[in-house]
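A.B. asks: Next comes the structure file input.cif, holding mmCIF, N, CA and C atoms.
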data_coords
#
loop_
_atom_site.label_atom_id
_atom_site.label_comp_id
_atom_site.auth_asym_id
_atom_site.auth_seq_id
_atom_site.Cartn_x
_atom_site.Cartn_y
_atom_site.Cartn_z
N MET A 1 -22.25 47.28 -21.75
CA MET A 1 -23.27 46.49 -21.13
C MET A 1 -22.77 46.05 -19.76
N ASN A 2 -23.59 46.28 -18.72
CA ASN A 2 -23.23 45.92 -17.35
C ASN A 2 -23.95 44.63 -16.98
N MET A 3 -23.20 43.57 -16.76
CA MET A 3 -23.78 42.27 -16.46
C MET A 3 -23.53 41.94 -14.98
N MET A 4 -24.61 41.72 -14.23
CA MET A 4 -24.47 41.34 -12.82
C MET A 4 -24.12 39.86 -12.73
N SER A 5 -23.33 39.51 -11.75
CA SER A 5 -23.02 38.11 -11.55
C SER A 5 -24.10 37.46 -10.70
N ILE A 6 -24.10 36.14 -10.72
CA ILE A 6 -25.02 35.38 -9.89
C ILE A 6 -24.53 35.44 -8.45
N GLN A 7 -25.44 35.69 -7.53
CA GLN A 7 -25.12 35.75 -6.11
C GLN A 7 -25.80 34.58 -5.42
N PHE A 8 -24.99 33.63 -4.91
CA PHE A 8 -25.54 32.50 -4.16
C PHE A 8 -26.02 33.02 -2.81
N LEU A 9 -27.25 32.68 -2.43
CA LEU A 9 -27.80 33.15 -1.17
C LEU A 9 -27.82 32.07 -0.09
N ASP A 10 -28.44 30.93 -0.38
CA ASP A 10 -28.58 29.91 0.65
C ASP A 10 -29.07 28.61 0.05
N MET A 11 -28.78 27.51 0.75
CA MET A 11 -29.32 26.20 0.41
C MET A 11 -29.65 25.51 1.72
N ARG A 12 -30.85 24.92 1.79
CA ARG A 12 -31.30 24.24 3.01
C ARG A 12 -31.93 22.92 2.65
N ILE A 13 -31.86 21.97 3.59
CA ILE A 13 -32.52 20.68 3.41
C ILE A 13 -33.37 20.37 4.63
N SER A 14 -34.42 19.63 4.39
CA SER A 14 -35.28 19.13 5.46
C SER A 14 -35.43 17.64 5.21
N GLN A 15 -34.68 16.85 5.95
CA GLN A 15 -34.70 15.40 5.79
C GLN A 15 -35.61 14.82 6.86
N ASP A 16 -36.89 14.68 6.54
CA ASP A 16 -37.87 14.25 7.52
C ASP A 16 -37.72 12.78 7.89
N SER A 17 -37.38 11.93 6.92
CA SER A 17 -37.17 10.51 7.20
C SER A 17 -36.29 9.92 6.11
N VAL A 18 -35.31 9.12 6.51
CA VAL A 18 -34.41 8.48 5.55
C VAL A 18 -34.81 7.04 5.26
N VAL A 19 -35.88 6.57 5.91
CA VAL A 19 -36.37 5.21 5.70
C VAL A 19 -37.89 5.24 5.49
N ASP A 20 -38.41 4.17 4.95
CA ASP A 20 -39.85 4.11 4.65
C ASP A 20 -40.72 3.84 5.87
N THR A 21 -40.17 3.19 6.89
CA THR A 21 -40.98 2.88 8.07
C THR A 21 -40.32 3.40 9.32
N PRO A 22 -41.05 3.93 10.27
CA PRO A 22 -42.50 4.11 10.17
C PRO A 22 -42.82 5.28 9.25
N GLY A 23 -43.92 5.19 8.57
CA GLY A 23 -44.33 6.26 7.67
C GLY A 23 -45.31 7.21 8.35
N ILE A 24 -45.70 8.22 7.61
CA ILE A 24 -46.75 9.14 8.06
C ILE A 24 -48.04 8.70 7.38
N ASN A 25 -49.02 8.33 8.15
CA ASN A 25 -50.30 7.91 7.58
C ASN A 25 -51.17 9.12 7.28
N LEU A 26 -51.68 9.14 6.07
CA LEU A 26 -52.61 10.19 5.65
C LEU A 26 -53.97 9.52 5.47
N VAL A 27 -54.92 9.89 6.27
CA VAL A 27 -56.28 9.35 6.15
C VAL A 27 -57.21 10.56 6.12
N ARG A 28 -57.50 11.01 4.90
CA ARG A 28 -58.34 12.20 4.73
C ARG A 28 -57.81 13.38 5.54
N SER A 29 -56.47 13.52 5.55
CA SER A 29 -55.83 14.61 6.29
C SER A 29 -54.55 14.98 5.58
N GLY A 30 -53.82 15.90 6.16
CA GLY A 30 -52.56 16.34 5.58
C GLY A 30 -51.45 16.34 6.59
N ALA A 31 -50.20 16.34 6.08
CA ALA A 31 -49.04 16.38 6.96
C ALA A 31 -47.92 17.16 6.28
N ILE A 32 -47.30 18.06 7.03
CA ILE A 32 -46.12 18.77 6.55
C ILE A 32 -44.94 17.82 6.68
N PHE A 33 -44.18 17.64 5.59
CA PHE A 33 -43.00 16.79 5.69
C PHE A 33 -41.71 17.52 5.33
N GLY A 34 -41.81 18.80 5.06
CA GLY A 34 -40.63 19.60 4.79
C GLY A 34 -40.86 21.05 5.16
N ASP A 35 -39.86 21.66 5.81
CA ASP A 35 -39.96 23.05 6.25
C ASP A 35 -38.56 23.64 6.26
N ILE A 36 -38.32 24.61 5.38
CA ILE A 36 -37.00 25.24 5.30
C ILE A 36 -37.14 26.75 5.29
N GLY A 37 -36.15 27.42 5.82
CA GLY A 37 -36.09 28.88 5.79
C GLY A 37 -34.86 29.30 5.01
N LEU A 38 -35.05 29.77 3.79
CA LEU A 38 -33.92 30.21 2.97
C LEU A 38 -33.52 31.63 3.37
N GLN A 39 -32.27 31.79 3.74
CA GLN A 39 -31.75 33.08 4.17
C GLN A 39 -31.50 33.99 2.96
N THR A 40 -31.99 35.21 3.04
CA THR A 40 -31.81 36.17 1.95
C THR A 40 -31.22 37.48 2.46
N SER A 41 -30.71 37.48 3.69
CA SER A 41 -30.22 38.73 4.28
C SER A 41 -28.99 39.29 3.56
N ASN A 42 -28.27 38.46 2.82
CA ASN A 42 -27.07 38.94 2.12
C ASN A 42 -27.32 39.39 0.69
N VAL A 43 -28.58 39.39 0.27
CA VAL A 43 -28.86 39.82 -1.10
C VAL A 43 -28.58 41.31 -1.24
N THR A 44 -27.97 41.67 -2.35
CA THR A 44 -27.72 43.09 -2.59
C THR A 44 -29.04 43.75 -3.00
N PRO A 45 -29.25 45.00 -2.64
CA PRO A 45 -30.51 45.66 -3.00
C PRO A 45 -30.81 45.61 -4.50
N ALA A 46 -29.76 45.68 -5.32
CA ALA A 46 -29.98 45.63 -6.77
C ALA A 46 -30.50 44.27 -7.23
N ASN A 47 -30.24 43.23 -6.43
CA ASN A 47 -30.67 41.88 -6.80
C ASN A 47 -31.96 41.43 -6.12
N ALA A 48 -32.54 42.23 -5.26
CA ALA A 48 -33.71 41.82 -4.47
C ALA A 48 -34.87 41.34 -5.34
N SER A 49 -35.05 41.94 -6.50
CA SER A 49 -36.14 41.52 -7.38
C SER A 49 -35.71 40.44 -8.37
N LEU A 50 -34.47 39.98 -8.24
CA LEU A 50 -33.94 38.98 -9.16
C LEU A 50 -33.68 37.63 -8.50
N VAL A 51 -34.25 37.41 -7.32
CA VAL A 51 -34.04 36.15 -6.62
C VAL A 51 -34.85 35.04 -7.27
N ARG A 52 -34.20 33.90 -7.43
CA ARG A 52 -34.82 32.71 -8.00
C ARG A 52 -34.59 31.56 -7.03
N VAL A 53 -35.63 30.76 -6.82
CA VAL A 53 -35.55 29.65 -5.88
C VAL A 53 -35.92 28.36 -6.63
N THR A 54 -35.14 27.33 -6.40
CA THR A 54 -35.47 26.00 -6.90
C THR A 54 -35.72 25.10 -5.70
N LEU A 55 -36.84 24.39 -5.73
CA LEU A 55 -37.24 23.51 -4.64
C LEU A 55 -37.36 22.09 -5.16
N ASN A 56 -36.89 21.13 -4.37
CA ASN A 56 -36.95 19.72 -4.75
C ASN A 56 -37.50 18.91 -3.59
N ALA A 57 -38.35 17.96 -3.91
CA ALA A 57 -38.92 17.08 -2.89
C ALA A 57 -38.92 15.65 -3.42
N TYR A 58 -38.80 14.74 -2.48
CA TYR A 58 -38.91 13.31 -2.79
C TYR A 58 -39.73 12.67 -1.69
N VAL A 59 -40.58 11.74 -2.06
CA VAL A 59 -41.32 10.94 -1.07
C VAL A 59 -41.67 9.59 -1.68
N ARG A 60 -41.57 8.57 -0.87
CA ARG A 60 -42.08 7.26 -1.28
C ARG A 60 -43.52 7.21 -0.79
N LEU A 61 -44.42 7.05 -1.71
CA LEU A 61 -45.85 7.09 -1.43
C LEU A 61 -46.43 5.70 -1.59
N SER A 62 -47.20 5.26 -0.60
CA SER A 62 -47.98 4.03 -0.78
C SER A 62 -49.45 4.41 -0.65
N VAL A 63 -50.24 3.93 -1.59
CA VAL A 63 -51.66 4.26 -1.66
C VAL A 63 -52.45 2.96 -1.48
N ASP A 64 -53.29 2.94 -0.46
CA ASP A 64 -54.04 1.73 -0.14
C ASP A 64 -55.18 1.48 -1.12
N VAL A 65 -55.72 0.29 -1.06
CA VAL A 65 -56.86 -0.10 -1.90
C VAL A 65 -57.99 0.90 -1.69
N SER A 66 -58.60 1.31 -2.78
CA SER A 66 -59.65 2.32 -2.74
C SER A 66 -60.92 1.81 -2.08
N VAL A 67 -61.45 2.62 -1.18
CA VAL A 67 -62.74 2.29 -0.57
C VAL A 67 -63.77 3.40 -0.87
N ILE A 68 -63.30 4.44 -1.56
CA ILE A 68 -64.17 5.53 -1.97
C ILE A 68 -63.95 5.79 -3.45
N VAL A 69 -64.68 6.72 -4.02
CA VAL A 69 -64.61 6.93 -5.46
C VAL A 69 -63.47 7.85 -5.88
N GLN A 70 -62.70 8.35 -4.94
CA GLN A 70 -61.56 9.18 -5.30
C GLN A 70 -60.30 8.59 -4.71
N ASN A 71 -59.17 8.85 -5.36
CA ASN A 71 -57.92 8.24 -4.98
C ASN A 71 -56.81 9.29 -5.01
N ASP A 72 -57.09 10.51 -4.60
CA ASP A 72 -56.17 11.61 -4.79
C ASP A 72 -55.25 11.85 -3.59
N VAL A 73 -53.99 12.11 -3.90
CA VAL A 73 -53.02 12.60 -2.93
C VAL A 73 -52.44 13.87 -3.53
N THR A 74 -52.53 14.98 -2.80
CA THR A 74 -52.08 16.27 -3.31
C THR A 74 -50.85 16.73 -2.55
N PHE A 75 -49.86 17.23 -3.31
CA PHE A 75 -48.65 17.81 -2.74
C PHE A 75 -48.70 19.31 -2.98
N SER A 76 -48.52 20.10 -1.91
CA SER A 76 -48.62 21.55 -2.00
C SER A 76 -47.39 22.19 -1.38
N ILE A 77 -46.85 23.22 -2.05
CA ILE A 77 -45.70 23.96 -1.54
C ILE A 77 -46.14 25.40 -1.29
N TYR A 78 -45.76 25.92 -0.13
CA TYR A 78 -46.13 27.27 0.29
C TYR A 78 -44.89 28.12 0.52
N ARG A 79 -44.96 29.38 0.11
CA ARG A 79 -43.97 30.40 0.45
C ARG A 79 -44.62 31.32 1.46
N ASN A 80 -44.09 31.37 2.66
CA ASN A 80 -44.65 32.24 3.71
C ASN A 80 -46.18 32.09 3.77
N ASN A 81 -46.66 30.87 3.78
CA ASN A 81 -48.08 30.52 3.88
C ASN A 81 -48.91 30.86 2.64
N THR A 82 -48.26 31.18 1.52
CA THR A 82 -48.95 31.43 0.26
C THR A 82 -48.67 30.27 -0.68
N LEU A 83 -49.71 29.64 -1.20
CA LEU A 83 -49.54 28.51 -2.11
C LEU A 83 -48.83 28.96 -3.38
N ILE A 84 -47.73 28.26 -3.74
CA ILE A 84 -47.02 28.59 -4.97
C ILE A 84 -46.98 27.42 -5.96
N PHE A 85 -47.31 26.20 -5.47
CA PHE A 85 -47.24 25.03 -6.33
C PHE A 85 -48.14 23.93 -5.76
N SER A 86 -48.88 23.26 -6.63
CA SER A 86 -49.71 22.15 -6.18
C SER A 86 -49.83 21.14 -7.31
N THR A 87 -49.72 19.86 -6.97
CA THR A 87 -49.89 18.81 -7.95
C THR A 87 -50.60 17.64 -7.28
N THR A 88 -51.38 16.92 -8.05
CA THR A 88 -52.18 15.82 -7.51
C THR A 88 -51.83 14.51 -8.18
N TYR A 89 -51.62 13.50 -7.36
CA TYR A 89 -51.45 12.14 -7.83
C TYR A 89 -52.83 11.51 -7.85
N PRO A 90 -53.40 11.25 -9.02
CA PRO A 90 -54.77 10.77 -9.08
C PRO A 90 -54.93 9.31 -8.69
N GLY A 91 -53.89 8.52 -8.88
CA GLY A 91 -53.99 7.11 -8.52
C GLY A 91 -54.99 6.36 -9.38
N ASN A 92 -55.32 5.16 -8.94
CA ASN A 92 -56.23 4.30 -9.67
C ASN A 92 -57.30 3.82 -8.69
N ILE A 93 -58.52 4.25 -8.89
CA ILE A 93 -59.57 3.88 -7.94
C ILE A 93 -59.95 2.41 -8.03
N ASN A 94 -59.46 1.73 -9.06
CA ASN A 94 -59.78 0.31 -9.23
C ASN A 94 -58.68 -0.62 -8.74
N ASN A 95 -57.62 -0.06 -8.12
CA ASN A 95 -56.54 -0.94 -7.68
C ASN A 95 -57.03 -1.89 -6.59
N THR A 96 -56.50 -3.10 -6.61
CA THR A 96 -56.91 -4.13 -5.65
C THR A 96 -55.80 -4.46 -4.66
N VAL A 97 -54.65 -3.84 -4.82
CA VAL A 97 -53.53 -4.00 -3.88
C VAL A 97 -52.92 -2.62 -3.63
N THR A 98 -52.15 -2.50 -2.56
CA THR A 98 -51.48 -1.24 -2.27
C THR A 98 -50.52 -0.90 -3.40
N GLN A 99 -50.55 0.35 -3.85
CA GLN A 99 -49.66 0.83 -4.90
C GLN A 99 -48.52 1.61 -4.26
N TYR A 100 -47.31 1.41 -4.78
CA TYR A 100 -46.13 2.13 -4.29
C TYR A 100 -45.60 3.01 -5.41
N GLU A 101 -45.38 4.28 -5.09
CA GLU A 101 -44.90 5.24 -6.07
C GLU A 101 -43.72 6.02 -5.49
N MET A 102 -42.77 6.35 -6.35
CA MET A 102 -41.68 7.25 -5.97
C MET A 102 -42.03 8.60 -6.57
N VAL A 103 -42.26 9.57 -5.71
CA VAL A 103 -42.71 10.89 -6.16
C VAL A 103 -41.54 11.87 -6.08
N GLY A 104 -41.21 12.47 -7.20
CA GLY A 104 -40.18 13.51 -7.25
C GLY A 104 -40.81 14.79 -7.76
N ILE A 105 -40.58 15.87 -7.05
CA ILE A 105 -41.17 17.16 -7.41
C ILE A 105 -40.08 18.20 -7.50
N THR A 106 -40.10 18.99 -8.57
CA THR A 106 -39.24 20.16 -8.70
C THR A 106 -40.15 21.34 -8.96
N ALA A 107 -39.98 22.37 -8.17
CA ALA A 107 -40.77 23.60 -8.35
C ALA A 107 -39.82 24.79 -8.31
N VAL A 108 -40.20 25.86 -8.95
CA VAL A 108 -39.41 27.09 -8.93
C VAL A 108 -40.26 28.23 -8.41
N ASP A 109 -39.59 29.24 -7.88
CA ASP A 109 -40.31 30.39 -7.35
C ASP A 109 -39.53 31.65 -7.64
N PHE A 110 -40.24 32.71 -7.90
CA PHE A 110 -39.69 34.05 -8.09
C PHE A 110 -40.29 34.92 -7.00
N PRO A 111 -39.75 34.86 -5.78
CA PRO A 111 -40.37 35.57 -4.66
C PRO A 111 -40.35 37.08 -4.87
N PRO A 112 -41.37 37.77 -4.39
CA PRO A 112 -41.38 39.23 -4.51
C PRO A 112 -40.25 39.84 -3.68
N ALA A 113 -39.75 40.97 -4.13
CA ALA A 113 -38.65 41.66 -3.43
C ALA A 113 -39.00 41.92 -1.97
N SER A 114 -40.28 42.18 -1.69
CA SER A 114 -40.69 42.45 -0.30
C SER A 114 -40.43 41.24 0.59
N ASP A 115 -40.63 40.03 0.08
CA ASP A 115 -40.33 38.83 0.85
C ASP A 115 -38.82 38.63 0.99
N VAL A 116 -38.09 38.89 -0.09
CA VAL A 116 -36.63 38.74 -0.08
C VAL A 116 -36.01 39.66 0.96
N LEU A 117 -36.47 40.89 1.03
CA LEU A 117 -35.88 41.89 1.91
C LEU A 117 -36.16 41.66 3.39
N THR A 118 -37.02 40.70 3.72
CA THR A 118 -37.24 40.37 5.14
C THR A 118 -36.07 39.58 5.71
N GLY A 119 -35.22 39.02 4.87
CA GLY A 119 -34.04 38.30 5.32
C GLY A 119 -34.19 36.79 5.34
N GLN A 120 -35.41 36.29 5.26
CA GLN A 120 -35.65 34.84 5.22
C GLN A 120 -36.98 34.56 4.56
N ILE A 121 -37.01 33.53 3.74
CA ILE A 121 -38.25 33.10 3.10
C ILE A 121 -38.52 31.67 3.56
N GLN A 122 -39.71 31.46 4.10
CA GLN A 122 -40.10 30.14 4.62
C GLN A 122 -40.82 29.35 3.54
N TYR A 123 -40.35 28.13 3.28
CA TYR A 123 -41.02 27.22 2.34
C TYR A 123 -41.42 25.96 3.09
N THR A 124 -42.65 25.53 2.89
CA THR A 124 -43.12 24.28 3.47
C THR A 124 -43.79 23.45 2.38
N ILE A 125 -43.71 22.14 2.55
CA ILE A 125 -44.39 21.23 1.64
C ILE A 125 -45.25 20.29 2.47
N LEU A 126 -46.45 20.04 1.97
CA LEU A 126 -47.31 19.10 2.67
C LEU A 126 -48.00 18.19 1.67
N ALA A 127 -48.36 17.04 2.19
CA ALA A 127 -49.13 16.08 1.40
C ALA A 127 -50.47 15.92 2.08
N SER A 128 -51.53 15.89 1.30
CA SER A 128 -52.87 15.67 1.84
C SER A 128 -53.54 14.60 1.01
N ALA A 129 -54.40 13.83 1.66
CA ALA A 129 -55.03 12.71 0.97
C ALA A 129 -56.53 12.68 1.23
N ILE A 130 -57.27 12.32 0.21
CA ILE A 130 -58.70 12.10 0.34
C ILE A 130 -58.92 10.70 0.91
N ARG A 131 -58.01 9.80 0.60
CA ARG A 131 -58.13 8.41 1.03
C ARG A 131 -56.89 7.99 1.80
N THR A 132 -56.76 6.75 2.18
CA THR A 132 -55.64 6.28 2.97
C THR A 132 -54.38 6.14 2.12
N ALA A 133 -53.34 6.84 2.55
CA ALA A 133 -52.03 6.76 1.90
C ALA A 133 -50.98 6.94 2.99
N THR A 134 -49.76 6.52 2.68
CA THR A 134 -48.66 6.62 3.64
C THR A 134 -47.44 7.21 2.96
N LEU A 135 -46.78 8.14 3.65
CA LEU A 135 -45.53 8.71 3.17
C LEU A 135 -44.38 7.94 3.81
N GLY A 136 -43.48 7.40 2.99
CA GLY A 136 -42.30 6.72 3.50
C GLY A 136 -41.15 7.70 3.58
N ALA A 137 -39.97 7.30 3.11
CA ALA A 137 -38.80 8.18 3.12
C ALA A 137 -39.16 9.48 2.40
N ARG A 138 -38.70 10.61 2.95
CA ARG A 138 -39.10 11.89 2.39
C ARG A 138 -38.08 12.98 2.71
N SER A 139 -37.92 13.89 1.74
CA SER A 139 -36.99 15.00 1.93
C SER A 139 -37.48 16.20 1.12
N PHE A 140 -36.94 17.36 1.49
CA PHE A 140 -37.31 18.62 0.83
C PHE A 140 -36.09 19.51 0.89
N SER A 141 -35.77 20.17 -0.21
CA SER A 141 -34.60 21.07 -0.23
C SER A 141 -34.87 22.27 -1.11
N GLY A 142 -34.10 23.31 -0.88
CA GLY A 142 -34.24 24.52 -1.68
C GLY A 142 -32.93 25.26 -1.79
N ILE A 143 -32.78 25.98 -2.88
CA ILE A 143 -31.61 26.80 -3.11
C ILE A 143 -32.07 28.15 -3.67
N ALA A 144 -31.48 29.23 -3.17
CA ALA A 144 -31.83 30.57 -3.62
C ALA A 144 -30.59 31.26 -4.19
N VAL A 145 -30.74 31.85 -5.36
CA VAL A 145 -29.70 32.64 -5.99
C VAL A 145 -30.32 33.96 -6.47
N ALA A 146 -29.47 34.93 -6.72
CA ALA A 146 -29.95 36.21 -7.22
C ALA A 146 -29.03 36.68 -8.33
N GLY A 147 -29.57 37.51 -9.19
CA GLY A 147 -28.78 38.08 -10.28
C GLY A 147 -29.34 37.69 -11.62
N ASN A 148 -28.85 38.33 -12.64
CA ASN A 148 -29.32 38.05 -14.00
C ASN A 148 -28.18 37.60 -14.90
N GLY A 149 -27.15 37.05 -14.25
CA GLY A 149 -25.96 36.61 -14.99
C GLY A 149 -26.28 35.54 -15.94
#
Please express what this file holds, its structure, as structure tokens.
C.D. replies:
Amino acid sequence: MNMMSIQFLDMRISQDSVVDTPGINLVRSGAIFGDIGLQTSNVTPANASLVRVTLNAYVRLSVDVSVIVQNDVTFSIYRNNTLIFSTTYPGNINNTVTQYEMVGITAVDFPPASDVLTGQIQYTILASAIRTATLGARSFSGIAVAGNG
């Protein structure tokens, strides 16, 4: 039995803000708060279809008192402009004070070999809001490995 070892490819971080203020205000709009390019140029051809990516994000979210019937903030992660992960914080439309949440996201990706063989895979994360919300401290990171070890 021939077992391939794990091949570490790259790890990147995007530290958009290390403090809560000033924040990014979301008012029925979106904002990119993380953008990384994971290098894959050193992947062996045999491992090109075996690349695995783990992505992590953190943001301190404050959601203002609801003035409309929806209270959604959506976090979306894209690989080379293709959506690979999306989750929505529904919030509470009946809240009477600003709500503060610590949002932690972990997503995984199995990029196609064609993307791996370009030498770099671009990952971006954005938050969009139907109502008024603010992003405080925020970061985004990713690690890529290959192999079936």
A.B. asks: Pick out the residues sitting within 7 Å of region 111-114 of chain A, and hand them over as a ChimeraX atom specification; count only N, CA and C atoms, and ignore anything fewer than 6 positions along from it in its own chain.
C.D. replies: /A:48-53
A.B. asks: Can you give me, as an NGL selection string, the residues this file yields under the PyMOL selection byres (((chain A and resi 88 and name CA) around 8) and name CA)?
C.D. replies: :A and (72-75 or 86-87 or 89-90)
A.B. asks: If DSSP is run on the backbone, what residues of chain A are alpha helix (DSSP H)? A reply as a count of residues only would be ideal.
C.D. replies: 4
A.B. asks: Would you kindly translate the PyMOL selection byres ((chain A and resi 57) around 6.5) into the concrete residues it picks from this file, as JSON, numbers by chain?
C.D. replies: {"A": [55, 56, 58, 59, 103, 104, 105, 106, 107, 139, 140, 141]}
A.B. asks: Enumerate, as a list in words, the residues matched when the PyMOL selection byres (((chain A and resi 18 and name CA) around 10) and name CA) is run on the file above.
C.D. replies: Gln15, Asp16, Ser17, Val19, Asp20, Thr21, Val59, Gly136, Ala137, Arg138 and Ser139 of chain A
A.B. asks: Residues near Leu61 (chain A), anyone? I mean within 7 Å using all atoms listed in the file, not counting same-chain ones fewer than 5 positions away, as a PyMOL selection string.
C.D. replies: chain A and resi 99-103+133-137
A.B. asks: Produce a file of the selected residues containing N, CA and C atoms, as a PDB file, keeping the file's coordinate frame.
C.D. replies:
ATOM      1  N   GLN A  99     -50.550   0.350  -3.850  1.00  0.00           N
ATOM      2  CA  GLN A  99     -49.660   0.830  -4.900  1.00  0.00           C
ATOM      3  C   GLN A  99     -48.520   1.610  -4.260  1.00  0.00           C
ATOM      4  N   TYR A 100     -47.310   1.410  -4.780  1.00  0.00           N
ATOM      5  CA  TYR A 100     -46.130   2.130  -4.290  1.00  0.00           C
ATOM      6  C   TYR A 100     -45.600   3.010  -5.410  1.00  0.00           C
ATOM      7  N   GLU A 101     -45.380   4.280  -5.090  1.00  0.00           N
ATOM      8  CA  GLU A 101     -44.900   5.240  -6.070  1.00  0.00           C
ATOM      9  C   GLU A 101     -43.720   6.020  -5.490  1.00  0.00           C
ATOM     10  N   MET A 102     -42.770   6.350  -6.350  1.00  0.00           N
ATOM     11  CA  MET A 102     -41.680   7.250  -5.970  1.00  0.00           C
ATOM     12  C   MET A 102     -42.030   8.600  -6.570  1.00  0.00           C
ATOM     13  N   VAL A 103     -42.260   9.570  -5.710  1.00  0.00           N
ATOM     14  CA  VAL A 103     -42.710  10.890  -6.160  1.00  0.00           C
ATOM     15  C   VAL A 103     -41.540  11.870  -6.080  1.00  0.00           C
ATOM     16  N   ALA A 133     -53.340   6.840   2.550  1.00  0.00           N
ATOM     17  CA  ALA A 133     -52.030   6.760   1.900  1.00  0.00           C
ATOM     18  C   ALA A 133     -50.980   6.940   2.990  1.00  0.00           C
ATOM     19  N   THR A 134     -49.760   6.520   2.680  1.00  0.00           N
ATOM     20  CA  THR A 134     -48.660   6.620   3.640  1.00  0.00           C
ATOM     21  C   THR A 134     -47.440   7.210   2.960  1.00  0.00           C
ATOM     22  N   LEU A 135     -46.780   8.140   3.650  1.00  0.00           N
ATOM     23  CA  LEU A 135     -45.530   8.710   3.170  1.00  0.00           C
ATOM     24  C   LEU A 135     -44.380   7.940   3.810  1.00  0.00           C
ATOM     25  N   GLY A 136     -43.480   7.400   2.990  1.00  0.00           N
ATOM     26  CA  GLY A 136     -42.300   6.720   3.500  1.00  0.00           C
ATOM     27  C   GLY A 136     -41.150   7.700   3.580  1.00  0.00           C
ATOM     28  N   ALA A 137     -39.970   7.300   3.110  1.00  0.00           N
ATOM     29  CA  ALA A 137     -38.800   8.180   3.120  1.00  0.00           C
ATOM     30  C   ALA A 137     -39.160   9.480   2.400  1.00  0.00           C
TER      31      ALA A 137
END
A.B. asks: List every residue of region 12-124 of chain A that DSSP, applied to the backbone of this structure, assigns to strand (DSSP E), and report them as an MDAnalysis selection string.
C.D. replies: chainID A and resid 12:17 24:27 30:39 51:63 73:79 82:89 99:109 120:124
A.B. asks: Where atoms are absent from region 110-114 of chain A, fill them in so it carries all heavy atoms, then output it as a JSON list (two decimals), in the frame of the given file.
C.D. replies:
[["chain", "number", "residue", "atom", "x", "y", "z"],
["A", 110, "PHE", "N", -40.24, 32.71, -7.90],
["A", 110, "PHE", "CA", -39.69, 34.05, -8.09],
["A", 110, "PHE", "C", -40.29, 34.92, -7.00],
["A", 110, "PHE", "O", -41.28, 35.62, -7.23],
["A", 110, "PHE", "CB", -40.04, 34.60, -9.47],
["A", 110, "PHE", "CG", -39.63, 33.67, -10.59],
["A", 110, "PHE", "CD1", -40.55, 32.82, -11.18],
["A", 110, "PHE", "CD2", -38.32, 33.65, -11.03],
["A", 110, "PHE", "CE1", -40.17, 31.97, -12.21],
["A", 110, "PHE", "CE2", -37.93, 32.79, -12.05],
["A", 110, "PHE", "CZ", -38.86, 31.95, -12.64],
["A", 111, "PRO", "N", -39.75, 34.86, -5.78],
["A", 111, "PRO", "CA", -40.37, 35.57, -4.66],
["A", 111, "PRO", "C", -40.35, 37.08, -4.87],
["A", 111, "PRO", "O", -39.40, 37.61, -5.45],
["A", 111, "PRO", "CB", -39.53, 35.16, -3.46],
["A", 111, "PRO", "CG", -38.22, 34.77, -4.03],
["A", 111, "PRO", "CD", -38.50, 34.20, -5.38],
["A", 112, "PRO", "N", -41.37, 37.77, -4.39],
["A", 112, "PRO", "CA", -41.38, 39.23, -4.51],
["A", 112, "PRO", "C", -40.25, 39.84, -3.68],
["A", 112, "PRO", "O", -39.86, 39.29, -2.64],
["A", 112, "PRO", "CB", -42.75, 39.63, -3.99],
["A", 112, "PRO", "CG", -43.27, 38.46, -3.24],
["A", 112, "PRO", "CD", -42.58, 37.25, -3.75],
["A", 113, "ALA", "N", -39.75, 40.97, -4.13],
["A", 113, "ALA", "CA", -38.65, 41.66, -3.43],
["A", 113, "ALA", "C", -39.00, 41.92, -1.97],
["A", 113, "ALA", "O", -38.14, 41.84, -1.10],
["A", 113, "ALA", "CB", -38.30, 42.95, -4.14],
["A", 114, "SER", "N", -40.28, 42.18, -1.69],
["A", 114, "SER", "CA", -40.69, 42.45, -0.30],
["A", 114, "SER", "C", -40.43, 41.24, 0.59],
["A", 114, "SER", "O", -40.04, 41.39, 1.75],
["A", 114, "SER", "CB", -42.16, 42.87, -0.24],
["A", 114, "SER", "OG", -42.99, 41.86, -0.80]]
